[in-house]
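Q: Handing you a structure now.
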Amino acid sequence: MTTTVVTGATGGLGEAVARAFAADGATVVLGGRDSESLAALADELGGEALRTDARDEYELERLMEQASKAGDASGIDVVVPCAAIYHGEPGETPLPAESYSAFDDTLRTNARGVFAAVREALPHMDETGRVVVPTGSVARDAEPGFGAYGVSKAAVEGIARQFAADCEQAVGCVDPGTVDTGLHEFGGRDPADVAGLFTWAASAPEELDGAVLELADWRGD
């Protein structure tokens, strides 16, 4: 049985991803800032949970240490760092008007949080470990009004590529397209409908490593 760690697991995409891995038989270890929702989901999925702020590397360290001892095996097999924030109204936060505090917190959560999650997980992963990082097209094709969030997603892809170059483990990104989550009000696909992209990517390390995989790759379009 594999052990999968998901941050940002208390709703939206993170919760859907956790459910998908649990349905595939993984022991899921969940991190997030809403302790009650986190504990309830862990109980439902037969996993474990620890309140975790992705901005705090020490909390991520504790999460990964707990995950390494979860389930029947020692170590972590898969990490999916889903924790993310958006300050302001999506599409209405142009970079020239972004406050320093919003910029710093967005990068600290969305980009540094990914870096810290992977960095703290690696000591508990062998060479078969896999890291699946959510991204979006705004990382590659800038759109007006997405400010620090767009910058953070571009940074996330760079972080994943560099880990892929520097590590034995497979590290890559997946782009599920527009997903209907609490980060925006643009609608989009139900998170449950795209969660399979993440479990599939984790099962295909050679395709994942250093790449950005999309729905078409999963579906074979």
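Ordering of the structure tokens sets the chain letters (A, B, ...), residue numbers begin anew at 1 in every chain, and ligands are numbered from 1 in the order given.
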Near Ala164 in chain A, within 6 Å and counting only C-alpha atoms, which residues show up once chain neighbours fewer than 4 positions away are dropped, as a list of chain:residue names?
A: A:Val171, A:Asp209, A:Gly210
Q: Excluding Val133 in chain A and any residue of its chain fewer than 2 positions from it, enumerate the residues within 12 Å of it, using only C-alpha atoms, and give them as a ChimeraX atom specification.
A: /A:5-8,13-14,17,78-84,110-111,113-115,117-118,130-131,135-136,153-161,163-164,170-176,197-199,201-202,208-214
Q: Quick check, in Å to one decimal: how far apart do CA of Leu30 in chain A and CA of Gly147 in chain A lie?
A: 28.9 Å
Q: Write out as a PyMOL selection string each polymer residue whose atoms come within 6 Å of range 31-43 of chain A, counting only C-alpha atoms; drop sequence neighbours fewer than 5 positions from it.
A: chain A and resi 7-10+48-53
Q: To one decimal place in Å, what is the distance between CA of Val29 in chain A and CA of Gly75 in chain A?
A: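 Straight-line distance from CA of Val29 in chain A to CA of Gly75 in chain A works out to 11.8 Å.
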Q: One number please: CA of Gly150 in chain A to CA of Ile76 in chain A, in Å, one decimal.
A: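 Result for CA of Gly150 in chain A versus CA of Ile76 in chain A: 29.7 Å, one decimal.
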Q: Per residue of range 7-97 of chain A within 9 Å of range 120-124 of chain A, what are the shortest atom pair and its distance in Å to one decimal, counting only C-alpha atoms, with rows by chain and residue number, as JSON lines?
A:
{"residue": "A:Glu57", "atom": "CA", "partner": "A:Glu120", "partner_atom": "CA", "distance": 7.7}
{"residue": "A:Tyr58", "atom": "CA", "partner": "A:Glu120", "partner_atom": "CA", "distance": 8.9}
{"residue": "A:Leu60", "atom": "CA", "partner": "A:Glu120", "partner_atom": "CA", "distance": 6.7}
{"residue": "A:Glu61", "atom": "CA", "partner": "A:Glu120", "partner_atom": "CA", "distance": 5.3}
{"residue": "A:Arg62", "atom": "CA", "partner": "A:Glu120", "partner_atom": "CA", "distance": 8.8}
{"residue": "A:Leu63", "atom": "CA", "partner": "A:Glu120", "partner_atom": "CA", "distance": 8.8}
{"residue": "A:Met64", "atom": "CA", "partner": "A:Ala121", "partner_atom": "CA", "distance": 5.5}
{"residue": "A:Glu65", "atom": "CA", "partner": "A:His124", "partner_atom": "CA", "distance": 7.6}
{"residue": "A:Ala67", "atom": "CA", "partner": "A:His124", "partner_atom": "CA", "distance": 8.7}
{"residue": "A:Ser68", "atom": "CA", "partner": "A:His124", "partner_atom": "CA", "distance": 6.0}
{"residue": "A:Ser74", "atom": "CA", "partner": "A:His124", "partner_atom": "CA", "distance": 8.2}
{"residue": "A:Gly75", "atom": "CA", "partner": "A:His124", "partner_atom": "CA", "distance": 5.0}
{"residue": "A:Ile76", "atom": "CA", "partner": "A:His124", "partner_atom": "CA", "distance": 5.7}
{"residue": "A:Asp77", "atom": "CA", "partner": "A:His124", "partner_atom": "CA", "distance": 8.5}
{"residue": "A:Val79", "atom": "CA", "partner": "A:Ala121", "partner_atom": "CA", "distance": 7.5}
Q: Could you write out the selected residues, including N, CA, C and O atoms, as a PDB file, in the first residue's frame?
A:
ATOM      1  N   GLU A  57       7.676  25.869   7.143  1.00  0.00           N
ATOM      2  CA  GLU A  57       8.445  24.658   6.816  1.00  0.00           C
ATOM      3  C   GLU A  57       8.524  23.679   7.982  1.00  0.00           C
ATOM      4  O   GLU A  57       8.661  22.469   7.766  1.00  0.00           O
ATOM      5  N   TYR A  58       8.433  24.194   9.199  1.00  0.00           N
ATOM      6  CA  TYR A  58       8.498  23.295  10.352  1.00  0.00           C
ATOM      7  C   TYR A  58       7.224  22.466  10.474  1.00  0.00           C
ATOM      8  O   TYR A  58       7.271  21.285  10.842  1.00  0.00           O
ATOM      9  N   LEU A  60       5.407  21.636   7.870  1.00  0.00           N
ATOM     10  CA  LEU A  60       5.533  20.677   6.771  1.00  0.00           C
ATOM     11  C   LEU A  60       6.499  19.548   7.133  1.00  0.00           C
ATOM     12  O   LEU A  60       6.267  18.393   6.785  1.00  0.00           O
ATOM     13  N   GLU A  61       7.550  19.884   7.843  1.00  0.00           N
ATOM     14  CA  GLU A  61       8.486  18.856   8.296  1.00  0.00           C
ATOM     15  C   GLU A  61       7.782  17.839   9.181  1.00  0.00           C
ATOM     16  O   GLU A  61       7.949  16.617   9.013  1.00  0.00           O
ATOM     17  N   ARG A  62       6.950  18.332  10.108  1.00  0.00           N
ATOM     18  CA  ARG A  62       6.221  17.417  10.998  1.00  0.00           C
ATOM     19  C   ARG A  62       5.219  16.576  10.221  1.00  0.00           C
ATOM     20  O   ARG A  62       5.038  15.384  10.504  1.00  0.00           O
ATOM     21  N   LEU A  63       4.566  17.180   9.234  1.00  0.00           N
ATOM     22  CA  LEU A  63       3.615  16.430   8.413  1.00  0.00           C
ATOM     23  C   LEU A  63       4.319  15.285   7.683  1.00  0.00           C
ATOM     24  O   LEU A  63       3.820  14.146   7.663  1.00  0.00           O
ATOM     25  N   MET A  64       5.465  15.571   7.100  1.00  0.00           N
ATOM     26  CA  MET A  64       6.173  14.537   6.339  1.00  0.00           C
ATOM     27  C   MET A  64       6.733  13.448   7.257  1.00  0.00           C
ATOM     28  O   MET A  64       6.745  12.263   6.894  1.00  0.00           O
ATOM     29  N   GLU A  65       7.161  13.834   8.440  1.00  0.00           N
ATOM     30  CA  GLU A  65       7.631  12.833   9.401  1.00  0.00           C
ATOM     31  C   GLU A  65       6.494  11.904   9.806  1.00  0.00           C
ATOM     32  O   GLU A  65       6.677  10.686   9.903  1.00  0.00           O
ATOM     33  N   ALA A  67       3.812  11.283   8.015  1.00  0.00           N
ATOM     34  CA  ALA A  67       3.448  10.492   6.838  1.00  0.00           C
ATOM     35  C   ALA A  67       4.414   9.339   6.611  1.00  0.00           C
ATOM     36  O   ALA A  67       4.015   8.258   6.166  1.00  0.00           O
ATOM     37  N   SER A  68       5.670   9.556   6.930  1.00  0.00           N
ATOM     38  CA  SER A  68       6.668   8.509   6.689  1.00  0.00           C
ATOM     39  C   SER A  68       6.436   7.271   7.549  1.00  0.00           C
ATOM     40  O   SER A  68       6.950   6.193   7.239  1.00  0.00           O
ATOM     41  N   SER A  74       7.115   2.029   5.615  1.00  0.00           N
ATOM     42  CA  SER A  74       7.809   3.242   6.040  1.00  0.00           C
ATOM     43  C   SER A  74       8.161   4.065   4.802  1.00  0.00           C
ATOM     44  O   SER A  74       8.475   3.522   3.749  1.00  0.00           O
ATOM     45  N   GLY A  75       8.089   5.365   4.948  1.00  0.00           N
ATOM     46  CA  GLY A  75       8.421   6.233   3.831  1.00  0.00           C
ATOM     47  C   GLY A  75       7.195   6.792   3.133  1.00  0.00           C
ATOM     48  O   GLY A  75       6.060   6.397   3.389  1.00  0.00           O
ATOM     49  N   ILE A  76       7.445   7.746   2.246  1.00  0.00           N
ATOM     50  CA  ILE A  76       6.407   8.420   1.467  1.00  0.00           C
ATOM     51  C   ILE A  76       6.574   8.041   0.008  1.00  0.00           C
ATOM     52  O   ILE A  76       7.684   8.043  -0.518  1.00  0.00           O
ATOM     53  N   ASP A  77       5.467   7.732  -0.641  1.00  0.00           N
ATOM     54  CA  ASP A  77       5.513   7.361  -2.060  1.00  0.00           C
ATOM     55  C   ASP A  77       5.157   8.518  -2.979  1.00  0.00           C
ATOM     56  O   ASP A  77       5.775   8.691  -4.038  1.00  0.00           O
ATOM     57  N   VAL A  79       3.704  12.777  -3.177  1.00  0.00           N
ATOM     58  CA  VAL A  79       3.365  14.052  -2.560  1.00  0.00           C
ATOM     59  C   VAL A  79       2.622  14.905  -3.583  1.00  0.00           C
ATOM     60  O   VAL A  79       3.067  15.037  -4.730  1.00  0.00           O
TER      61      VAL A  79
END
Q: DSSP on the backbone, then: every residue of range 93-191 of chain A marked alpha helix (DSSP H), written as a PyMOL selection string.
A: chain A and resi 100-106+113-121+147-166+191
Q: Please list as JSON, numbers by chain every residue within 6 Å of range 92-94 of chain A, counting only C-alpha atoms and excluding residues in the same chain fewer than 3 positions away.
A: {"A": [89, 97, 145, 146, 147]}
Q: Go through A:Ala26, A:Ile85, A:Leu107, A:Ala54 one by one, measure the shortest atom-to-atom distance of each to Ala70 in chain A using only C-alpha atoms, and give the residue with the smallest value.
A: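 Distance minimum relative to Ala70 in chain A lands on A:Ala26.
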